[in-house]
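The next block is run_13.txt, given as compact mmCIF, C-alpha atoms.
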# COMPACT_ATOMS: atom_id res chain seq x y z
CA ASP C 1 -194.24 -157.11 151.73
CA GLN C 2 -191.56 -154.53 151.02
CA GLN C 3 -193.42 -151.23 151.33
CA VAL C 4 -190.35 -149.12 150.66
CA LYS C 5 -187.96 -150.18 147.93
CA GLN C 6 -184.64 -148.92 146.73
CA ASN C 7 -184.06 -150.81 143.52
CA SER C 8 -180.44 -149.85 143.04
CA PRO C 9 -178.12 -151.58 145.52
CA SER C 10 -175.22 -149.43 144.36
CA LEU C 11 -174.42 -146.25 142.48
CA SER C 12 -171.06 -144.89 141.39
CA VAL C 13 -170.50 -141.28 140.31
CA GLN C 14 -167.60 -138.94 139.68
CA GLU C 15 -166.72 -136.20 142.11
CA GLY C 16 -168.46 -132.96 141.21
CA ARG C 17 -171.27 -134.66 139.31
CA ILE C 18 -174.85 -135.20 140.46
CA SER C 19 -175.87 -138.29 142.44
CA ILE C 20 -179.49 -139.35 142.17
CA LEU C 21 -180.80 -141.98 144.54
CA ASN C 22 -184.28 -143.34 144.03
CA CYS C 23 -186.93 -144.79 146.30
CA ASP C 24 -190.42 -146.17 145.66
CA TYR C 25 -193.16 -146.89 148.15
CA THR C 26 -196.46 -148.71 147.99
CA ASN C 27 -198.32 -147.61 151.11
CA SER C 28 -200.48 -144.57 150.32
CA MET C 29 -200.79 -143.89 154.06
CA PHE C 30 -197.17 -142.79 154.24
CA ASP C 31 -197.04 -139.03 154.62
CA TYR C 32 -193.51 -138.31 155.77
CA PHE C 33 -190.29 -139.38 154.15
CA LEU C 34 -186.70 -139.26 155.29
CA TRP C 35 -183.23 -140.03 154.00
CA TYR C 36 -180.52 -141.38 156.23
CA LYS C 37 -176.84 -141.83 155.51
CA LYS C 38 -174.76 -144.60 157.05
CA TYR C 39 -171.01 -145.00 157.21
CA PRO C 40 -169.46 -148.35 158.18
CA ALA C 41 -169.32 -148.99 161.94
CA GLU C 42 -171.63 -146.04 162.61
CA GLY C 43 -175.35 -145.70 163.06
CA PRO C 44 -177.49 -144.06 160.37
CA THR C 45 -177.57 -140.27 160.53
CA PHE C 46 -180.49 -138.14 159.45
CA LEU C 47 -179.95 -136.25 156.21
CA ILE C 48 -183.13 -134.63 154.97
CA SER C 49 -186.88 -135.14 155.10
CA ILE C 50 -190.02 -134.15 153.24
CA SER C 51 -193.67 -134.01 154.14
CA SER C 52 -196.27 -135.26 151.69
CA ILE C 53 -197.70 -131.74 151.41
CA LYS C 54 -194.52 -130.70 149.61
CA ASP C 55 -192.88 -131.90 146.44
CA LYS C 56 -189.39 -130.59 147.09
CA ASN C 57 -187.14 -129.86 150.04
CA GLU C 58 -183.63 -128.51 149.78
CA ASP C 59 -180.78 -128.36 152.28
CA GLY C 60 -177.45 -127.25 150.88
CA ARG C 61 -176.19 -129.81 148.40
CA PHE C 62 -179.07 -132.17 149.16
CA THR C 63 -182.52 -131.98 147.59
CA VAL C 64 -185.34 -134.45 148.00
CA PHE C 65 -188.14 -134.64 145.45
CA LEU C 66 -191.48 -136.32 146.10
CA ASN C 67 -193.89 -137.48 143.40
CA LYS C 68 -196.96 -138.63 145.29
CA SER C 69 -198.90 -139.81 142.27
CA ALA C 70 -196.02 -142.09 141.30
CA LYS C 71 -195.22 -142.96 144.93
CA HIS C 72 -191.63 -142.10 144.19
CA LEU C 73 -189.01 -139.98 145.84
CA SER C 74 -185.45 -139.18 144.96
CA LEU C 75 -182.44 -137.66 146.66
CA HIS C 76 -180.18 -135.42 144.59
CA ILE C 77 -176.67 -134.59 145.75
CA VAL C 78 -174.98 -131.77 143.86
CA PRO C 79 -172.03 -131.59 143.63
CA SER C 80 -171.09 -135.05 144.87
CA GLN C 81 -168.01 -135.32 147.08
CA PRO C 82 -165.90 -138.35 148.04
CA GLY C 83 -167.06 -137.91 151.65
CA ASP C 84 -170.61 -138.61 150.48
CA SER C 85 -169.66 -142.23 149.86
CA ALA C 86 -171.94 -144.17 152.19
CA VAL C 87 -175.09 -146.27 152.25
CA TYR C 88 -178.23 -144.18 151.84
CA PHE C 89 -181.53 -145.37 153.28
CA CYS C 90 -184.92 -144.07 152.35
CA ALA C 91 -187.55 -144.26 155.11
CA ALA C 92 -191.24 -143.51 155.44
CA SER C 93 -193.82 -143.09 158.15
CA GLY C 94 -197.54 -142.43 158.39
CA GLU C 95 -199.88 -140.83 160.87
CA THR C 96 -200.88 -144.21 162.24
CA SER C 97 -197.36 -145.59 162.56
CA GLY C 98 -196.21 -143.15 165.20
CA SER C 99 -192.45 -142.93 165.25
CA ARG C 100 -192.05 -146.28 163.49
CA LEU C 101 -190.13 -145.91 160.25
CA THR C 102 -190.25 -148.30 157.31
CA PHE C 103 -186.88 -148.42 155.60
CA GLY C 104 -185.72 -149.37 152.14
CA GLU C 105 -182.84 -151.77 151.62
CA GLY C 106 -180.30 -149.03 151.08
CA THR C 107 -178.13 -147.86 148.18
CA GLN C 108 -174.34 -147.85 148.40
CA LEU C 109 -173.12 -144.59 146.88
CA THR C 110 -169.48 -144.39 145.83
CA VAL C 111 -168.12 -141.01 144.74
CA ASN C 112 -164.85 -141.38 142.87
CA PRO C 113 -162.24 -138.60 143.03
CA LYS U 114 -175.25 -133.30 174.43
CA ALA U 115 -174.32 -137.00 174.38
CA GLY U 116 -175.81 -139.10 171.63
CA VAL U 117 -177.46 -142.48 171.78
CA THR U 118 -175.15 -144.98 173.46
CA GLN U 119 -175.30 -148.70 172.79
CA THR U 120 -173.40 -151.45 174.54
CA PRO U 121 -171.77 -153.74 173.81
CA ARG U 122 -170.58 -152.70 170.36
CA TYR U 123 -169.60 -156.20 169.30
CA LEU U 124 -170.39 -159.63 170.67
CA ILE U 125 -170.22 -163.24 169.61
CA LYS U 126 -172.64 -165.87 170.84
CA THR U 127 -173.44 -169.46 169.94
CA ARG U 128 -176.74 -170.92 168.87
CA GLY U 129 -179.16 -171.46 171.73
CA GLN U 130 -177.68 -168.78 173.95
CA GLN U 131 -179.40 -165.59 174.86
CA VAL U 132 -178.17 -162.01 174.63
CA THR U 133 -179.04 -158.68 176.19
CA LEU U 134 -178.25 -155.38 174.50
CA SER U 135 -178.40 -152.00 176.17
CA CYS U 136 -179.29 -148.54 174.93
CA SER U 137 -179.14 -145.13 176.59
CA PRO U 138 -181.10 -142.50 174.64
CA ILE U 139 -180.24 -138.86 174.34
CA SER U 140 -180.82 -137.12 177.64
CA GLY U 141 -184.43 -136.01 177.88
CA HIS U 142 -185.69 -138.33 175.15
CA ARG U 143 -188.35 -140.68 176.47
CA SER U 144 -188.92 -142.83 173.38
CA VAL U 145 -186.58 -145.60 172.32
CA SER U 146 -186.91 -147.74 169.21
CA TRP U 147 -184.98 -150.82 168.17
CA TYR U 148 -184.18 -151.92 164.63
CA GLN U 149 -182.40 -154.92 163.15
CA GLN U 150 -180.18 -154.43 160.13
CA THR U 151 -179.12 -157.39 158.01
CA PRO U 152 -177.37 -157.28 154.61
CA GLY U 153 -179.82 -156.48 151.82
CA GLN U 154 -182.76 -156.10 154.22
CA GLY U 155 -182.47 -152.51 155.28
CA LEU U 156 -183.60 -151.77 158.80
CA GLN U 157 -186.43 -153.81 160.23
CA PHE U 158 -188.45 -152.36 163.12
CA LEU U 159 -188.39 -154.43 166.29
CA PHE U 160 -190.24 -152.39 168.90
CA GLU U 161 -190.67 -148.98 170.48
CA TYR U 162 -190.87 -148.02 174.12
CA PHE U 163 -192.17 -144.82 175.63
CA SER U 164 -192.30 -144.13 179.35
CA GLU U 165 -191.55 -147.79 180.17
CA THR U 166 -194.41 -149.07 177.97
CA GLN U 167 -194.13 -150.89 174.68
CA ARG U 168 -195.95 -148.65 172.23
CA ASN U 169 -195.38 -150.51 168.98
CA LYS U 170 -194.05 -153.90 167.92
CA GLY U 171 -192.71 -155.23 164.64
CA ASN U 172 -193.09 -158.67 163.09
CA PHE U 173 -190.49 -160.56 165.03
CA PRO U 174 -190.92 -163.79 167.01
CA GLY U 175 -191.42 -163.78 170.75
CA ARG U 176 -187.75 -164.62 171.25
CA PHE U 177 -187.17 -160.90 170.79
CA SER U 178 -188.20 -158.82 173.76
CA GLY U 179 -187.39 -155.53 175.32
CA ARG U 180 -188.03 -153.23 178.21
CA GLN U 181 -187.48 -149.66 179.26
CA PHE U 182 -186.50 -148.35 182.65
CA SER U 183 -187.64 -145.25 184.47
CA ASN U 184 -184.51 -143.39 183.35
CA SER U 185 -185.47 -144.15 179.71
CA ARG U 186 -182.61 -146.59 179.24
CA SER U 187 -183.72 -149.62 177.30
CA GLU U 188 -182.63 -153.20 176.89
CA MET U 189 -183.51 -155.78 174.30
CA ASN U 190 -183.14 -159.50 174.75
CA VAL U 191 -182.95 -162.29 172.23
CA SER U 192 -183.37 -165.79 173.60
CA THR U 193 -182.51 -169.13 171.98
CA LEU U 194 -180.27 -167.48 169.42
CA GLU U 195 -180.34 -168.67 165.82
CA LEU U 196 -177.74 -168.14 163.09
CA GLY U 197 -180.16 -165.78 161.34
CA ASP U 198 -180.13 -163.45 164.33
CA SER U 199 -176.65 -162.31 163.33
CA ALA U 200 -177.16 -158.65 162.57
CA LEU U 201 -176.51 -155.09 163.58
CA TYR U 202 -179.00 -154.04 166.24
CA LEU U 203 -179.68 -150.32 166.26
CA CYS U 204 -181.31 -148.27 168.93
CA ALA U 205 -182.78 -144.82 168.29
CA SER U 206 -184.40 -142.04 170.21
CA ILE U 207 -186.64 -139.37 168.70
CA GLY U 208 -185.18 -136.00 167.86
CA GLY U 209 -181.84 -134.71 166.69
CA GLY U 210 -182.64 -132.73 163.57
CA GLY U 211 -185.20 -131.77 160.99
CA SER U 212 -188.66 -130.45 161.60
CA GLY U 213 -190.56 -133.71 161.55
CA ALA U 214 -191.77 -135.59 164.55
CA ASN U 215 -190.32 -138.87 163.34
CA VAL U 216 -186.65 -137.99 162.99
CA LEU U 217 -184.79 -140.71 164.83
CA THR U 218 -181.28 -140.35 166.15
CA PHE U 219 -179.48 -143.67 166.04
CA GLY U 220 -176.71 -145.13 168.13
CA ALA U 221 -173.72 -146.85 166.53
CA GLY U 222 -175.30 -150.25 167.01
CA SER U 223 -174.43 -153.59 168.57
CA ARG U 224 -173.00 -156.07 166.09
CA LEU U 225 -174.14 -159.58 167.07
CA THR U 226 -172.58 -162.65 165.51
CA VAL U 227 -174.16 -166.02 166.21
CA LEU U 228 -171.96 -169.06 165.56

Could you show the structure in this file as structure tokens?
Amino acid sequence: DQQVKQNSPSLSVQEGRISILNCDYTNSMFDYFLWYKKYPAEGPTFLISISSIKDKNEDGRFTVFLNKSAKHLSLHIVPSQPGDSAVYFCAASGETSGSRLTFGEGTQLTVNP
Amino acid sequence: KAGVTQTPRYLIKTRGQQVTLSCSPISGHRSVSWYQQTPGQGLQFLFEYFSETQRNKGNFPGRFSGRQFSNSRSEMNVSTLELGDSALYLCASIGGGGSGANVLTFGAGSRLTVL
């Protein structure tokens, strides 16, 4: 049972344009969502998060949007840079899961110069 | 402040063997979680330890076990290795950024190959 899904295994965009990565979840008990970025041979690094009481959180070039009714969140990167090329994981947690995160399968973002 | 340290970074084992992986969390962090990453599967939760006690466990067979020491360092063990155990094993401790309680800081991982 995949409770967090990232339906696009890969995404390619041009430098300077917007990258939009999508994530869907099924568990209505999830109330906190995170995005992680992973480069090859490194561990995932935290990027941005959002609580279910919000619908938007912004940090520099990165913005996460949450649509609770659709159980959908997205990460927007504007403008995209070649250094953003990495695998992006969406993750979720709920009050009863403690620090346990449920991750999506990841989306490989490639930003072309 | 040193990050999460995992050893070894790479190792090769054969089927039927057992393996032990080590993780040192960020200084002062008392919770350690372990995840398995395989291609196309994302990160799958293995278990979490806090103050030497297993606090949460994922859906993995009993061949996967772990423990935590009084200095918060943790080890995980996989016995009777199978080909499907080939994966990147990631350790994380809580903290490192953001305002949420569940922001994990990951180590670089231990890449296990089972032949």

Point out the residue among C:Arg61, C:His76, C:Lys68, C:Lys37 with the least atom-to-atom distance to chain U, counting all atoms listed in the file.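 With all atoms listed in the file as the atom set, the closest residue is C:Lys37.
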
Residue among U:Val132, U:Ala205, U:Leu196, U:Val191 lying closest to U:Glu161, counting only C-alpha atoms: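 For U:Glu161, the nearest of the given residues is U:Ala205.
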
Give me, as a short mmCIF file (atom, residue, chain, number, x, y, z; two decimals) with C-alpha atoms, in the coordinates of the input, the contact residues of chain U against chain C at a cut-off of 7 Å, counting all atoms listed in the file.
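Written out: selection06.cif:
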data_model
loop_
_atom_site.label_atom_id
_atom_site.label_comp_id
_atom_site.auth_asym_id
_atom_site.auth_seq_id
_atom_site.Cartn_x
_atom_site.Cartn_y
_atom_site.Cartn_z
CA GLY U 153 -179.82 -156.48 151.82
CA GLN U 154 -182.76 -156.10 154.22
CA GLY U 155 -182.47 -152.51 155.28
CA LEU U 156 -183.60 -151.77 158.80
CA GLY U 211 -185.20 -131.77 160.99
CA ASN U 215 -190.32 -138.87 163.34
CA THR U 218 -181.28 -140.35 166.15
CA PHE U 219 -179.48 -143.67 166.04
CA GLY U 220 -176.71 -145.13 168.13
CA ALA U 221 -173.72 -146.85 166.53
CA GLY U 222 -175.30 -150.25 167.01
#

Hey, can you pull every residue with an atom no more than 10 Å from (-171.1, -136.7, 146.3), using only C-alpha atoms, and send it as a list in words?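 Those within range, by chain then number, are Ser12, Val13, Gln14, Glu15, Gly16, Arg17, Ile18, Ser19, Ile20, Arg61, Phe62, His76, Ile77, Val78, Pro79, Ser80, Gln81, Pro82, Gly83, Asp84, Ser85, Ala86, Leu109, Thr110, Val111, Asn112 and Pro113 of chain C.
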
Give me, please, the distance in Å between atom CA of U:Ser178 and atom CA of U:Val117, quoted to one decimal.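 According to the coordinates, atom CA of U:Ser178 and atom CA of U:Val117 are separated by 19.7 Å.
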
For atom CA of U:Ser192 and atom CA of U:Gly129, quote the distance in Å rounded to one decimal.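 Between these atoms lies a distance of 7.3 Å.
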
Quote the spacing between atom CA of U:Ser223 and atom CA of U:Glu188 in Å to one decimal place.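 These two atoms are separated by 11.7 Å.
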
Counting all atoms listed in the file, figure out which residue out of U:Ile139, U:Val216, U:Leu134, U:Val227 gets nearest to U:Leu203.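 That would be U:Leu134, the residue with the smallest distance to U:Leu203.
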